[in-house]
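This is entry30.pdb (PDB, C-alpha atoms, pLDDT in the B column).
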```pdb
ATOM      1  CA  MET A   1      26.514  -2.594   2.578  1.00 93.00           C
ATOM      2  CA  LYS A   2      23.751  -0.007   2.834  1.00 96.00           C
ATOM      3  CA  ILE A   3      21.370   0.879   0.030  1.00 97.00           C
ATOM      4  CA  LEU A   4      19.267   4.017   0.367  1.00 98.00           C
ATOM      5  CA  THR A   5      16.148   3.739  -1.785  1.00 98.00           C
ATOM      6  CA  LEU A   6      14.494   7.119  -2.293  1.00 98.00           C
ATOM      7  CA  ASN A   7      10.991   6.596  -3.633  1.00 98.00           C
ATOM      8  CA  ALA A   8       9.309   9.831  -4.712  1.00 98.00           C
ATOM      9  CA  SER A   9       6.053   8.248  -5.851  1.00 97.00           C
ATOM     10  CA  PRO A  10       2.836   8.873  -3.911  1.00 95.00           C
ATOM     11  CA  ILE A  11       1.654   5.362  -4.866  1.00 93.00           C
ATOM     12  CA  THR A  12       2.618   2.397  -2.698  1.00 92.00           C
ATOM     13  CA  ASP A  13       3.306  -0.804  -4.648  1.00 93.00           C
ATOM     14  CA  GLY A  14       3.285   1.132  -7.921  1.00 94.00           C
ATOM     15  CA  SER A  15       5.684   0.666 -10.816  1.00 95.00           C
ATOM     16  CA  THR A  16       8.292   3.009  -9.283  1.00 96.00           C
ATOM     17  CA  ASP A  17       8.231   0.916  -6.108  1.00 96.00           C
ATOM     18  CA  LEU A  18       8.482  -2.381  -7.979  1.00 96.00           C
ATOM     19  CA  LEU A  19      11.395  -1.340 -10.190  1.00 97.00           C
ATOM     20  CA  LEU A  20      13.363   0.100  -7.273  1.00 98.00           C
ATOM     21  CA  GLY A  21      12.690  -3.104  -5.332  1.00 97.00           C
ATOM     22  CA  LYS A  22      13.846  -5.293  -8.212  1.00 97.00           C
ATOM     23  CA  ILE A  23      17.146  -3.378  -8.484  1.00 97.00           C
ATOM     24  CA  ALA A  24      17.729  -3.654  -4.710  1.00 97.00           C
ATOM     25  CA  GLU A  25      16.897  -7.391  -4.721  1.00 96.00           C
ATOM     26  CA  SER A  26      19.366  -7.951  -7.546  1.00 96.00           C
ATOM     27  CA  ILE A  27      22.108  -6.033  -5.705  1.00 95.00           C
ATOM     28  CA  GLU A  28      21.455  -8.107  -2.596  1.00 94.00           C
ATOM     29  CA  ALA A  29      21.485 -11.392  -4.546  1.00 94.00           C
ATOM     30  CA  ALA A  30      24.834 -10.539  -6.179  1.00 91.00           C
ATOM     31  CA  ALA A  31      26.488  -9.089  -3.059  1.00 87.00           C
ATOM     32  CA  SER A  32      29.248 -10.876  -1.204  1.00 85.00           C
ATOM     33  CA  GLU A  33      28.341  -9.121   2.051  1.00 88.00           C
ATOM     34  CA  PRO A  34      25.164  -8.476   4.037  1.00 92.00           C
ATOM     35  CA  VAL A  35      22.931  -5.775   2.532  1.00 93.00           C
ATOM     36  CA  GLU A  36      20.558  -3.403   4.312  1.00 95.00           C
ATOM     37  CA  ASN A  37      18.034  -1.600   2.112  1.00 97.00           C
ATOM     38  CA  ILE A  38      16.725   1.562   3.774  1.00 97.00           C
ATOM     39  CA  ILE A  39      13.526   2.539   1.975  1.00 97.00           C
ATOM     40  CA  VAL A  40      12.488   6.182   2.261  1.00 98.00           C
ATOM     41  CA  ARG A  41       9.057   6.961   0.830  1.00 98.00           C
ATOM     42  CA  LEU A  42       9.275  10.722   0.441  1.00 97.00           C
ATOM     43  CA  ASN A  43       5.491  10.996   0.283  1.00 97.00           C
ATOM     44  CA  ASP A  44       5.330   9.878   3.934  1.00 96.00           C
ATOM     45  CA  PHE A  45       7.194  13.000   5.089  1.00 95.00           C
ATOM     46  CA  VAL A  46       6.024  16.567   5.553  1.00 93.00           C
ATOM     47  CA  ILE A  47       8.982  18.329   3.926  1.00 94.00           C
ATOM     48  CA  THR A  48       9.437  22.046   4.423  1.00 93.00           C
ATOM     49  CA  PRO A  49      10.553  23.605   1.129  1.00 95.00           C
ATOM     50  CA  CYS A  50      14.080  25.050   0.993  1.00 92.00           C
ATOM     51  CA  GLN A  51      14.006  28.577   2.394  1.00 92.00           C
ATOM     52  CA  SER A  52      17.188  29.741   0.629  1.00 87.00           C
ATOM     53  CA  CYS A  53      18.630  30.824   3.986  1.00 83.00           C
ATOM     54  CA  GLY A  54      21.782  32.309   2.500  1.00 76.00           C
ATOM     55  CA  PHE A  55      24.240  30.945   5.050  1.00 77.00           C
ATOM     56  CA  SER A  56      25.985  27.671   5.816  1.00 79.00           C
ATOM     57  CA  PRO A  57      24.222  25.511   8.412  1.00 84.00           C
ATOM     58  CA  GLU A  58      27.477  23.834   9.472  1.00 82.00           C
ATOM     59  CA  PRO A  59      27.907  21.785  11.573  1.00 85.00           C
ATOM     60  CA  ASP A  60      24.262  20.854  10.855  1.00 87.00           C
ATOM     61  CA  TRP A  61      23.172  19.540   7.457  1.00 88.00           C
ATOM     62  CA  CYS A  62      20.345  22.087   7.292  1.00 90.00           C
ATOM     63  CA  VAL A  63      18.876  24.806   9.509  1.00 90.00           C
ATOM     64  CA  LEU A  64      15.450  23.185   9.130  1.00 92.00           C
ATOM     65  CA  HIS A  65      15.085  20.247  11.511  1.00 93.00           C
ATOM     66  CA  ASP A  66      11.848  18.829  10.150  1.00 93.00           C
ATOM     67  CA  ALA A  67      10.791  15.223   9.557  1.00 92.00           C
ATOM     68  CA  ILE A  68      13.179  14.709   6.626  1.00 93.00           C
ATOM     69  CA  TYR A  69      16.297  15.768   8.584  1.00 93.00           C
ATOM     70  CA  PRO A  70      17.317  12.198   9.655  1.00 94.00           C
ATOM     71  CA  VAL A  71      17.486  11.184   5.981  1.00 95.00           C
ATOM     72  CA  TYR A  72      20.581  13.382   5.533  1.00 93.00           C
ATOM     73  CA  ASN A  73      22.611  10.974   7.669  1.00 92.00           C
ATOM     74  CA  GLN A  74      21.253   8.012   5.724  1.00 94.00           C
ATOM     75  CA  LEU A  75      22.170   9.714   2.438  1.00 94.00           C
ATOM     76  CA  VAL A  76      25.676  10.584   3.560  1.00 91.00           C
ATOM     77  CA  ASN A  77      26.398   7.172   5.114  1.00 92.00           C
ATOM     78  CA  CYS A  78      25.019   4.792   2.487  1.00 94.00           C
ATOM     79  CA  ASP A  79      26.973   2.913  -0.172  1.00 95.00           C
ATOM     80  CA  ILE A  80      24.373   2.942  -2.965  1.00 96.00           C
ATOM     81  CA  VAL A  81      21.502   5.330  -3.754  1.00 97.00           C
ATOM     82  CA  LEU A  82      18.479   4.287  -5.803  1.00 98.00           C
ATOM     83  CA  PHE A  83      16.238   7.229  -6.730  1.00 98.00           C
ATOM     84  CA  GLY A  84      12.869   6.667  -8.348  1.00 98.00           C
ATOM     85  CA  THR A  85      10.089   9.033  -9.320  1.00 98.00           C
ATOM     86  CA  PRO A  86       7.043   9.195 -11.507  1.00 96.00           C
ATOM     87  CA  VAL A  87       7.318  11.853 -14.194  1.00 95.00           C
ATOM     88  CA  TYR A  88       4.736  14.637 -14.034  1.00 93.00           C
ATOM     89  CA  PHE A  89       4.720  17.459 -16.609  1.00 93.00           C
ATOM     90  CA  ASP A  90       8.049  16.140 -17.969  1.00 92.00           C
ATOM     91  CA  THR A  91       9.902  16.370 -14.658  1.00 96.00           C
ATOM     92  CA  VAL A  92      10.236  14.773 -11.233  1.00 97.00           C
ATOM     93  CA  SER A  93       7.384  14.613  -8.725  1.00 97.00           C
ATOM     94  CA  ALA A  94       6.897  17.402  -6.175  1.00 97.00           C
ATOM     95  CA  GLN A  95       8.104  15.014  -3.467  1.00 97.00           C
ATOM     96  CA  ALA A  96      11.378  14.435  -5.340  1.00 98.00           C
ATOM     97  CA  LYS A  97      11.957  18.130  -5.994  1.00 97.00           C
ATOM     98  CA  LEU A  98      11.322  19.111  -2.376  1.00 97.00           C
ATOM     99  CA  PHE A  99      13.916  16.598  -1.204  1.00 97.00           C
ATOM    100  CA  ILE A 100      16.477  17.520  -3.850  1.00 97.00           C
ATOM    101  CA  ASP A 101      16.165  21.230  -3.068  1.00 96.00           C
ATOM    102  CA  ARG A 102      16.633  20.520   0.628  1.00 94.00           C
ATOM    103  CA  CYS A 103      19.967  18.826  -0.135  1.00 93.00           C
ATOM    104  CA  ASN A 104      21.451  22.091  -1.408  1.00 89.00           C
ATOM    105  CA  CYS A 105      23.309  22.639   1.882  1.00 86.00           C
ATOM    106  CA  LEU A 106      25.174  19.353   1.577  1.00 83.00           C
ATOM    107  CA  ARG A 107      27.561  21.587  -0.375  1.00 79.00           C
ATOM    108  CA  PRO A 108      27.332  24.898   1.504  1.00 72.00           C
ATOM    109  CA  VAL A 109      28.687  28.065  -0.022  1.00 72.00           C
ATOM    110  CA  ASN A 110      31.923  29.602   1.237  1.00 70.00           C
ATOM    111  CA  PHE A 111      31.003  33.284   1.290  1.00 66.00           C
ATOM    112  CA  LYS A 112      34.659  34.400   1.332  1.00 70.00           C
ATOM    113  CA  THR A 113      35.486  32.673  -1.965  1.00 72.00           C
ATOM    114  CA  HIS A 114      31.943  32.365  -3.359  1.00 67.00           C
ATOM    115  CA  GLU A 115      32.606  28.704  -4.069  1.00 72.00           C
ATOM    116  CA  PHE A 116      30.652  25.673  -2.906  1.00 72.00           C
ATOM    117  CA  LYS A 117      32.413  23.462  -0.387  1.00 71.00           C
ATOM    118  CA  PHE A 118      32.680  19.713  -0.659  1.00 69.00           C
ATOM    119  CA  LEU A 119      31.708  18.189   2.655  1.00 66.00           C
ATOM    120  CA  PRO A 120      33.345  14.847   3.516  1.00 69.00           C
ATOM    121  CA  ILE A 121      30.808  12.769   1.583  1.00 75.00           C
ATOM    122  CA  PRO A 122      32.306   9.684  -0.086  1.00 78.00           C
ATOM    123  CA  LYS A 123      31.577   8.931  -3.730  1.00 85.00           C
ATOM    124  CA  ARG A 124      28.893   6.278  -4.126  1.00 90.00           C
ATOM    125  CA  ARG A 125      27.103   4.386  -6.891  1.00 94.00           C
ATOM    126  CA  GLY A 126      23.519   5.110  -7.805  1.00 96.00           C
ATOM    127  CA  ALA A 127      20.713   4.453 -10.249  1.00 97.00           C
ATOM    128  CA  ILE A 128      17.644   6.301 -11.484  1.00 98.00           C
ATOM    129  CA  VAL A 129      14.132   4.944 -12.087  1.00 98.00           C
ATOM    130  CA  LEU A 130      11.630   7.068 -14.040  1.00 97.00           C
ATOM    131  CA  VAL A 131       8.037   5.995 -14.632  1.00 96.00           C
ATOM    132  CA  GLY A 132       5.590   7.716 -16.954  1.00 93.00           C
ATOM    133  CA  SER A 133       2.849   7.265 -19.495  1.00 87.00           C
ATOM    134  CA  GLU A 134       3.212   5.860 -23.016  1.00 83.00           C
ATOM    135  CA  ARG A 135       4.026   9.247 -24.569  1.00 85.00           C
ATOM    136  CA  GLN A 136       6.183  10.469 -21.689  1.00 85.00           C
ATOM    137  CA  LYS A 137       9.450  12.284 -22.295  1.00 91.00           C
ATOM    138  CA  PHE A 138      12.009  11.497 -19.596  1.00 94.00           C
ATOM    139  CA  GLU A 139      14.988  13.752 -20.322  1.00 95.00           C
ATOM    140  CA  CYS A 140      14.030  16.696 -18.080  1.00 95.00           C
ATOM    141  CA  ALA A 141      13.426  14.412 -15.089  1.00 97.00           C
ATOM    142  CA  ARG A 142      16.680  12.555 -15.781  1.00 97.00           C
ATOM    143  CA  THR A 143      18.584  15.847 -15.884  1.00 97.00           C
ATOM    144  CA  VAL A 144      17.191  16.925 -12.495  1.00 97.00           C
ATOM    145  CA  ILE A 145      18.225  13.706 -10.745  1.00 98.00           C
ATOM    146  CA  ALA A 146      21.573  13.550 -12.570  1.00 97.00           C
ATOM    147  CA  GLY A 147      22.304  17.065 -11.296  1.00 95.00           C
ATOM    148  CA  PHE A 148      21.348  16.008  -7.773  1.00 96.00           C
ATOM    149  CA  PHE A 149      23.610  12.955  -8.039  1.00 96.00           C
ATOM    150  CA  LYS A 150      26.537  15.132  -9.099  1.00 93.00           C
ATOM    151  CA  TRP A 151      25.846  17.554  -6.240  1.00 91.00           C
ATOM    152  CA  VAL A 152      25.950  14.822  -3.565  1.00 92.00           C
ATOM    153  CA  ARG A 153      28.748  12.757  -5.173  1.00 91.00           C
ATOM    154  CA  ILE A 154      26.774   9.831  -6.558  1.00 94.00           C
ATOM    155  CA  GLU A 155      28.036   8.195  -9.735  1.00 94.00           C
ATOM    156  CA  ASN A 156      25.075   7.195 -11.895  1.00 95.00           C
ATOM    157  CA  THR A 157      25.469   3.557 -12.878  1.00 94.00           C
ATOM    158  CA  GLY A 158      22.270   3.351 -14.903  1.00 95.00           C
ATOM    159  CA  LEU A 159      18.780   4.515 -15.762  1.00 97.00           C
ATOM    160  CA  ILE A 160      15.534   2.568 -16.055  1.00 96.00           C
ATOM    161  CA  THR A 161      12.592   4.241 -17.782  1.00 95.00           C
ATOM    162  CA  TYR A 162       9.183   2.637 -17.942  1.00 93.00           C
ATOM    163  CA  SER A 163       6.275   3.902 -20.027  1.00 91.00           C
ATOM    164  CA  GLY A 164       3.029   2.321 -18.917  1.00 82.00           C
ATOM    165  CA  SER A 165      -0.467   2.533 -20.293  1.00 73.00           C
ATOM    166  CA  GLY A 166      -3.533   3.213 -18.174  1.00 67.00           C
ATOM    167  CA  PHE A 167      -3.679   4.111 -14.521  1.00 71.00           C
ATOM    168  CA  SER A 168      -3.331   0.671 -12.951  1.00 77.00           C
ATOM    169  CA  PRO A 169      -0.775   0.856 -10.087  1.00 82.00           C
ATOM    170  CA  GLY A 170       2.088  -1.592 -10.464  1.00 85.00           C
ATOM    171  CA  ALA A 171       1.525  -2.299 -14.155  1.00 87.00           C
ATOM    172  CA  VAL A 172       5.253  -2.957 -14.602  1.00 91.00           C
ATOM    173  CA  LYS A 173       4.810  -6.344 -12.879  1.00 90.00           C
ATOM    174  CA  ASN A 174       3.436  -7.572 -16.226  1.00 88.00           C
ATOM    175  CA  ASN A 175       6.400  -6.225 -18.190  1.00 89.00           C
ATOM    176  CA  SER A 176       9.159  -8.828 -18.094  1.00 91.00           C
ATOM    177  CA  GLU A 177      11.498  -6.687 -20.223  1.00 93.00           C
ATOM    178  CA  ALA A 178      11.471  -3.766 -17.756  1.00 92.00           C
ATOM    179  CA  LEU A 179      11.899  -6.088 -14.765  1.00 94.00           C
ATOM    180  CA  GLU A 180      14.804  -7.841 -16.477  1.00 95.00           C
ATOM    181  CA  LYS A 181      16.486  -4.474 -17.133  1.00 96.00           C
ATOM    182  CA  ALA A 182      16.109  -3.606 -13.444  1.00 96.00           C
ATOM    183  CA  GLU A 183      17.614  -6.945 -12.430  1.00 95.00           C
ATOM    184  CA  LYS A 184      20.571  -6.466 -14.793  1.00 96.00           C
ATOM    185  CA  LEU A 185      21.145  -2.955 -13.463  1.00 95.00           C
ATOM    186  CA  GLY A 186      21.273  -4.290  -9.898  1.00 95.00           C
ATOM    187  CA  LYS A 187      23.921  -6.828 -10.925  1.00 94.00           C
ATOM    188  CA  LEU A 188      25.900  -4.113 -12.690  1.00 94.00           C
ATOM    189  CA  ILE A 189      25.852  -1.893  -9.585  1.00 93.00           C
ATOM    190  CA  SER A 190      26.978  -4.804  -7.419  1.00 89.00           C
ATOM    191  CA  GLN A 191      29.817  -5.686  -9.830  1.00 83.00           C
ATOM    192  CA  SER A 192      30.971  -2.077 -10.141  1.00 75.00           C
ATOM    193  CA  ARG A 193      31.287  -1.850  -6.360  1.00 63.00           C
ATOM    194  CA  SER A 194      33.668  -4.791  -6.295  1.00 54.00           C
ATOM    195  CA  ASP A 195      35.863  -3.517  -9.176  1.00 53.00           C
TER
END
```

What's the C-alpha cells form of this structure?
Amino acid sequence: MKILTLNASPITDGSTDLLLGKIAESIEAAASEPVENIIVRLNDFVITPCQSCGFSPEPDWCVLHDAIYPVYNQLVNCDIVLFGTPVYFDTVSAQAKLFIDRCNCLRPVNFKTHEFKFLPIPKRRGAIVLVGSERQKFECARTVIAGFFKWVRIENTGLITYSGSGFSPGAVKNNSEALEKAEKLGKLISQSRSD
C-alpha cells in the first residue's frame, strides 16, 4: 500500500508535518499489508506556475517538465493521499496552490465536446490537515483541497484542523487531543480501505 503525503508547509517538523506523520503512522499500524509512505515536501520544489496552455498535454501529464513532474506518477499510483497545509489569509499556502493548479491537466479538456476527460486514475482515500492560528477560519482552505480531491478522484475520509497559539514550530506535539484525532483518522482510513 502506498501513501502519498503532500506537505505544503515551509516548516520542517512543524505541526502540519507532525499531524500528517501521525495519520500515516496510524494507517501503517492498522494495515494488514506493507505500507510505503512517500513524503513530498512541496516547499523543496521549484514549481513553475500553471501557464494555462489551452491544450491537452496527452500522453504527458503536463507540458511543463519541471522538478514537480515526477510527483504526478506518485499521485496517480498511490492508494491514499494525505494533504496538509498551513492556512495563510484564510486559504492554502502558496506551495499548495501551485501544486493544485498544476494538476489541472490530470483532467484535460476535450475541445470537441468542451468537457473535461477522466483519465484512468483510480478512486482513492484521502485526508486533509489544516493548521492555523487561534482565530483562524479554515473553510476556504478546506474548500480548495476538497475541490482538488474531487478533481483527481480522491474521496475525503476526514479533516483535522489545529489552531495553535504563538509561533513555536511543532506546537501540536503538546496537544494530545489533536494527536489522538489524527491517530483515529488514520485508523478510519485503514478500515475504510478494507471495507

Which residues are close to region 11-24 of chain A, i.e. within 7 Å by only C-alpha atoms, leaving aside same-chain residues fewer than 4 positions away? Reply as a ChimeraX atom specification. /A:7,28,82,84-86,129,131,169-172,179,182-183,185-186

Given the selection you just returned, output its residues as a file containing C-alpha atoms, formatted as a tab-separated table (two decimals), keeping the file's coordinate frame.
```tsv
chain	number	residue	atom	x	y	z
A	7	ASN	CA	10.99	6.60	-3.63
A	28	GLU	CA	21.46	-8.11	-2.60
A	82	LEU	CA	18.48	4.29	-5.80
A	84	GLY	CA	12.87	6.67	-8.35
A	85	THR	CA	10.09	9.03	-9.32
A	86	PRO	CA	7.04	9.20	-11.51
A	129	VAL	CA	14.13	4.94	-12.09
A	131	VAL	CA	8.04	6.00	-14.63
A	169	PRO	CA	-0.78	0.86	-10.09
A	170	GLY	CA	2.09	-1.59	-10.46
A	171	ALA	CA	1.52	-2.30	-14.16
A	172	VAL	CA	5.25	-2.96	-14.60
A	179	LEU	CA	11.90	-6.09	-14.76
A	182	ALA	CA	16.11	-3.61	-13.44
A	183	GLU	CA	17.61	-6.94	-12.43
A	185	LEU	CA	21.14	-2.96	-13.46
A	186	GLY	CA	21.27	-4.29	-9.90
```

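Across A:Thr143, A:Ser56, A:Gln136, A:Thr5, the tightest approach to Leu75 (chain A) is made by A:Thr5 when counting all atoms listed in the file.
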
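When CA of Val92 (chain A) is paired with CA of Phe138 (chain A), their separation reads 9.2 Å.
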
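Minimum atom-to-atom distance to Phe83 (chain A), evaluated using all atoms listed in the file, belongs to A:Val40 out of A:Ile121, A:Val40, A:Ala30, A:Ile189.
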
What's the 10 Å shell around Glu36 (chain A), counting only C-alpha atoms, without same-chain residues fewer than 3 positions away, as a PyMOL selection string? chain A and resi 1-4+24+28+33+39+78

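Between Asn73 (chain A) and the candidates A:Ser26, A:Gly54, A:Leu106, A:Ala96, the tightest atom-to-atom separation, counting only C-alpha atoms, involves A:Leu106.
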
Can you tell me how far CA of Leu98 (chain A) sits from CA of Glu25 (chain A), in Å to one decimal? 27.2 Å

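Our summary of the geometry notes that CA of Asn175 (chain A) is positioned 24.3 Å from CA of Ile145 (chain A).
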
Target residues per the PyMOL selection byres ((chain A and resi 32) around 12), formatted as a VMD selection string: chain A and resid 1 27 to 31 33 to 35 187 190 to 191 193 to 194

Run the PyMOL selection byres ((chain A and resi 150-160) around 9) on the file and write out the hits as a PDB file with C-alpha atoms, in the frame of the given file.
```
ATOM      1  CA  LEU A  19      11.395  -1.340 -10.190  1.00 97.00           C
ATOM      2  CA  LEU A  75      22.170   9.714   2.438  1.00 94.00           C
ATOM      3  CA  VAL A  76      25.676  10.584   3.560  1.00 91.00           C
ATOM      4  CA  ILE A  80      24.373   2.942  -2.965  1.00 96.00           C
ATOM      5  CA  VAL A  81      21.502   5.330  -3.754  1.00 97.00           C
ATOM      6  CA  CYS A 103      19.967  18.826  -0.135  1.00 93.00           C
ATOM      7  CA  ASN A 104      21.451  22.091  -1.408  1.00 89.00           C
ATOM      8  CA  LEU A 106      25.174  19.353   1.577  1.00 83.00           C
ATOM      9  CA  ARG A 107      27.561  21.587  -0.375  1.00 79.00           C
ATOM     10  CA  PHE A 118      32.680  19.713  -0.659  1.00 69.00           C
ATOM     11  CA  ILE A 121      30.808  12.769   1.583  1.00 75.00           C
ATOM     12  CA  PRO A 122      32.306   9.684  -0.086  1.00 78.00           C
ATOM     13  CA  LYS A 123      31.577   8.931  -3.730  1.00 85.00           C
ATOM     14  CA  ARG A 124      28.893   6.278  -4.126  1.00 90.00           C
ATOM     15  CA  ARG A 125      27.103   4.386  -6.891  1.00 94.00           C
ATOM     16  CA  GLY A 126      23.519   5.110  -7.805  1.00 96.00           C
ATOM     17  CA  ALA A 127      20.713   4.453 -10.249  1.00 97.00           C
ATOM     18  CA  ILE A 128      17.644   6.301 -11.484  1.00 98.00           C
ATOM     19  CA  VAL A 129      14.132   4.944 -12.087  1.00 98.00           C
ATOM     20  CA  LEU A 130      11.630   7.068 -14.040  1.00 97.00           C
ATOM     21  CA  VAL A 131       8.037   5.995 -14.632  1.00 96.00           C
ATOM     22  CA  ARG A 142      16.680  12.555 -15.781  1.00 97.00           C
ATOM     23  CA  ILE A 145      18.225  13.706 -10.745  1.00 98.00           C
ATOM     24  CA  ALA A 146      21.573  13.550 -12.570  1.00 97.00           C
ATOM     25  CA  GLY A 147      22.304  17.065 -11.296  1.00 95.00           C
ATOM     26  CA  PHE A 148      21.348  16.008  -7.773  1.00 96.00           C
ATOM     27  CA  PHE A 149      23.610  12.955  -8.039  1.00 96.00           C
ATOM     28  CA  THR A 161      12.592   4.241 -17.782  1.00 95.00           C
ATOM     29  CA  TYR A 162       9.183   2.637 -17.942  1.00 93.00           C
ATOM     30  CA  ALA A 178      11.471  -3.766 -17.756  1.00 92.00           C
ATOM     31  CA  LYS A 181      16.486  -4.474 -17.133  1.00 96.00           C
ATOM     32  CA  ALA A 182      16.109  -3.606 -13.444  1.00 96.00           C
ATOM     33  CA  LEU A 185      21.145  -2.955 -13.463  1.00 95.00           C
ATOM     34  CA  LEU A 188      25.900  -4.113 -12.690  1.00 94.00           C
ATOM     35  CA  ILE A 189      25.852  -1.893  -9.585  1.00 93.00           C
ATOM     36  CA  SER A 192      30.971  -2.077 -10.141  1.00 75.00           C
TER      37      SER A 192
END
```

Give the padded box for region 10-28 of chain A as lines of an AutoDock Vina configuration file: axis-aligned, covering all atoms listed in the file, 5 Å on each side, centre and edge lengths in Å to one decimal.
```
center_x = 11.9
center_y = 0.4
center_z = -6.7
size_x = 30.5
size_y = 27.0
size_z = 18.2
```

Name the residues in contact with Pro108 (chain A) at a cut-off of 9 Å, using only C-alpha atoms, excluding same-chain residues fewer than 4 positions from it; report them as a list of chain:residue names. A:Phe55, A:Ser56, A:Pro57, A:Glu58, A:Asn104, A:Glu115, A:Phe116, A:Lys117, A:Phe118, A:Leu119

Tell me, as a ChimeraX atom specification, which residues lie within 8 Å of Arg41 (chain A), counting all atoms listed in the file; anything in the same chain fewer than 2 positions away does not count. /A:6-9,39,43-45

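Minimum distance to Cys53 (chain A) across A:Gln95, A:Val109, A:Asp66, A:Asn37 (counting all atoms listed in the file) occurs at A:Val109.
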
Picked residues, the PyMOL selection byres ((chain A and resi 68) around 9), as a ChimeraX atom specification: /A:42,45-48,65-67,69-72,99

Would you mind completing region 19-40 of chain A to N, CA and C atoms and writing the output as a PDB file, in the coordinates of the input?
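Generated output (out_13.pdb):
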```pdb
ATOM      1  N   LEU A  19      10.104  -1.388  -9.498  1.00 97.00           N
ATOM      2  CA  LEU A  19      11.395  -1.340 -10.190  1.00 97.00           C
ATOM      3  C   LEU A  19      12.549  -1.066  -9.222  1.00 97.00           C
ATOM      4  N   LEU A  20      12.333  -0.153  -8.293  1.00 98.00           N
ATOM      5  CA  LEU A  20      13.363   0.100  -7.273  1.00 98.00           C
ATOM      6  C   LEU A  20      13.628  -1.172  -6.472  1.00 98.00           C
ATOM      7  N   GLY A  21      12.550  -1.866  -6.098  1.00 97.00           N
ATOM      8  CA  GLY A  21      12.690  -3.104  -5.332  1.00 97.00           C
ATOM      9  C   GLY A  21      13.439  -4.180  -6.091  1.00 97.00           C
ATOM     10  N   LYS A  22      13.173  -4.285  -7.380  1.00 97.00           N
ATOM     11  CA  LYS A  22      13.846  -5.293  -8.212  1.00 97.00           C
ATOM     12  C   LYS A  22      15.348  -5.004  -8.305  1.00 97.00           C
ATOM     13  N   ILE A  23      15.715  -3.732  -8.447  1.00 97.00           N
ATOM     14  CA  ILE A  23      17.146  -3.378  -8.484  1.00 97.00           C
ATOM     15  C   ILE A  23      17.805  -3.739  -7.155  1.00 97.00           C
ATOM     16  N   ALA A  24      17.169  -3.372  -6.040  1.00 97.00           N
ATOM     17  CA  ALA A  24      17.729  -3.654  -4.710  1.00 97.00           C
ATOM     18  C   ALA A  24      17.855  -5.160  -4.473  1.00 97.00           C
ATOM     19  N   GLU A  25      16.847  -5.926  -4.872  1.00 96.00           N
ATOM     20  CA  GLU A  25      16.897  -7.391  -4.721  1.00 96.00           C
ATOM     21  C   GLU A  25      18.067  -7.977  -5.504  1.00 96.00           C
ATOM     22  N   SER A  26      18.283  -7.459  -6.700  1.00 96.00           N
ATOM     23  CA  SER A  26      19.366  -7.951  -7.546  1.00 96.00           C
ATOM     24  C   SER A  26      20.730  -7.608  -6.952  1.00 96.00           C
ATOM     25  N   ILE A  27      20.852  -6.409  -6.380  1.00 95.00           N
ATOM     26  CA  ILE A  27      22.108  -6.033  -5.705  1.00 95.00           C
ATOM     27  C   ILE A  27      22.369  -6.997  -4.557  1.00 95.00           C
ATOM     28  N   GLU A  28      21.323  -7.234  -3.765  1.00 94.00           N
ATOM     29  CA  GLU A  28      21.455  -8.107  -2.596  1.00 94.00           C
ATOM     30  C   GLU A  28      21.833  -9.528  -3.020  1.00 94.00           C
ATOM     31  N   ALA A  29      21.206 -10.033  -4.083  1.00 94.00           N
ATOM     32  CA  ALA A  29      21.485 -11.392  -4.546  1.00 94.00           C
ATOM     33  C   ALA A  29      22.924 -11.543  -5.041  1.00 94.00           C
ATOM     34  N   ALA A  30      23.478 -10.470  -5.621  1.00 91.00           N
ATOM     35  CA  ALA A  30      24.834 -10.539  -6.179  1.00 91.00           C
ATOM     36  C   ALA A  30      25.914 -10.141  -5.183  1.00 91.00           C
ATOM     37  N   ALA A  31      25.516  -9.615  -4.026  1.00 87.00           N
ATOM     38  CA  ALA A  31      26.488  -9.089  -3.059  1.00 87.00           C
ATOM     39  C   ALA A  31      27.217 -10.202  -2.318  1.00 87.00           C
ATOM     40  N   SER A  32      28.448  -9.920  -1.973  1.00 85.00           N
ATOM     41  CA  SER A  32      29.248 -10.876  -1.204  1.00 85.00           C
ATOM     42  C   SER A  32      29.264 -10.519   0.281  1.00 85.00           C
ATOM     43  N   GLU A  33      28.424  -9.573   0.657  1.00 88.00           N
ATOM     44  CA  GLU A  33      28.341  -9.121   2.051  1.00 88.00           C
ATOM     45  C   GLU A  33      26.877  -8.856   2.392  1.00 88.00           C
ATOM     46  N   PRO A  34      26.549  -8.779   3.661  1.00 92.00           N
ATOM     47  CA  PRO A  34      25.164  -8.476   4.037  1.00 92.00           C
ATOM     48  C   PRO A  34      24.735  -7.111   3.504  1.00 92.00           C
ATOM     49  N   VAL A  35      23.466  -7.009   3.113  1.00 93.00           N
ATOM     50  CA  VAL A  35      22.931  -5.775   2.532  1.00 93.00           C
ATOM     51  C   VAL A  35      21.729  -5.314   3.348  1.00 93.00           C
ATOM     52  N   GLU A  36      21.721  -4.018   3.669  1.00 95.00           N
ATOM     53  CA  GLU A  36      20.558  -3.403   4.312  1.00 95.00           C
ATOM     54  C   GLU A  36      19.977  -2.391   3.328  1.00 95.00           C
ATOM     55  N   ASN A  37      18.699  -2.537   3.021  1.00 97.00           N
ATOM     56  CA  ASN A  37      18.034  -1.600   2.112  1.00 97.00           C
ATOM     57  C   ASN A  37      17.125  -0.687   2.931  1.00 97.00           C
ATOM     58  N   ILE A  38      17.518   0.570   3.040  1.00 97.00           N
ATOM     59  CA  ILE A  38      16.725   1.562   3.774  1.00 97.00           C
ATOM     60  C   ILE A  38      15.794   2.225   2.766  1.00 97.00           C
ATOM     61  N   ILE A  39      14.500   1.992   2.917  1.00 97.00           N
ATOM     62  CA  ILE A  39      13.526   2.539   1.975  1.00 97.00           C
ATOM     63  C   ILE A  39      12.909   3.802   2.560  1.00 97.00           C
ATOM     64  N   VAL A  40      13.064   4.900   1.845  1.00 98.00           N
ATOM     65  CA  VAL A  40      12.488   6.182   2.261  1.00 98.00           C
ATOM     66  C   VAL A  40      11.423   6.559   1.246  1.00 98.00           C
TER      67      VAL A  40
END
```
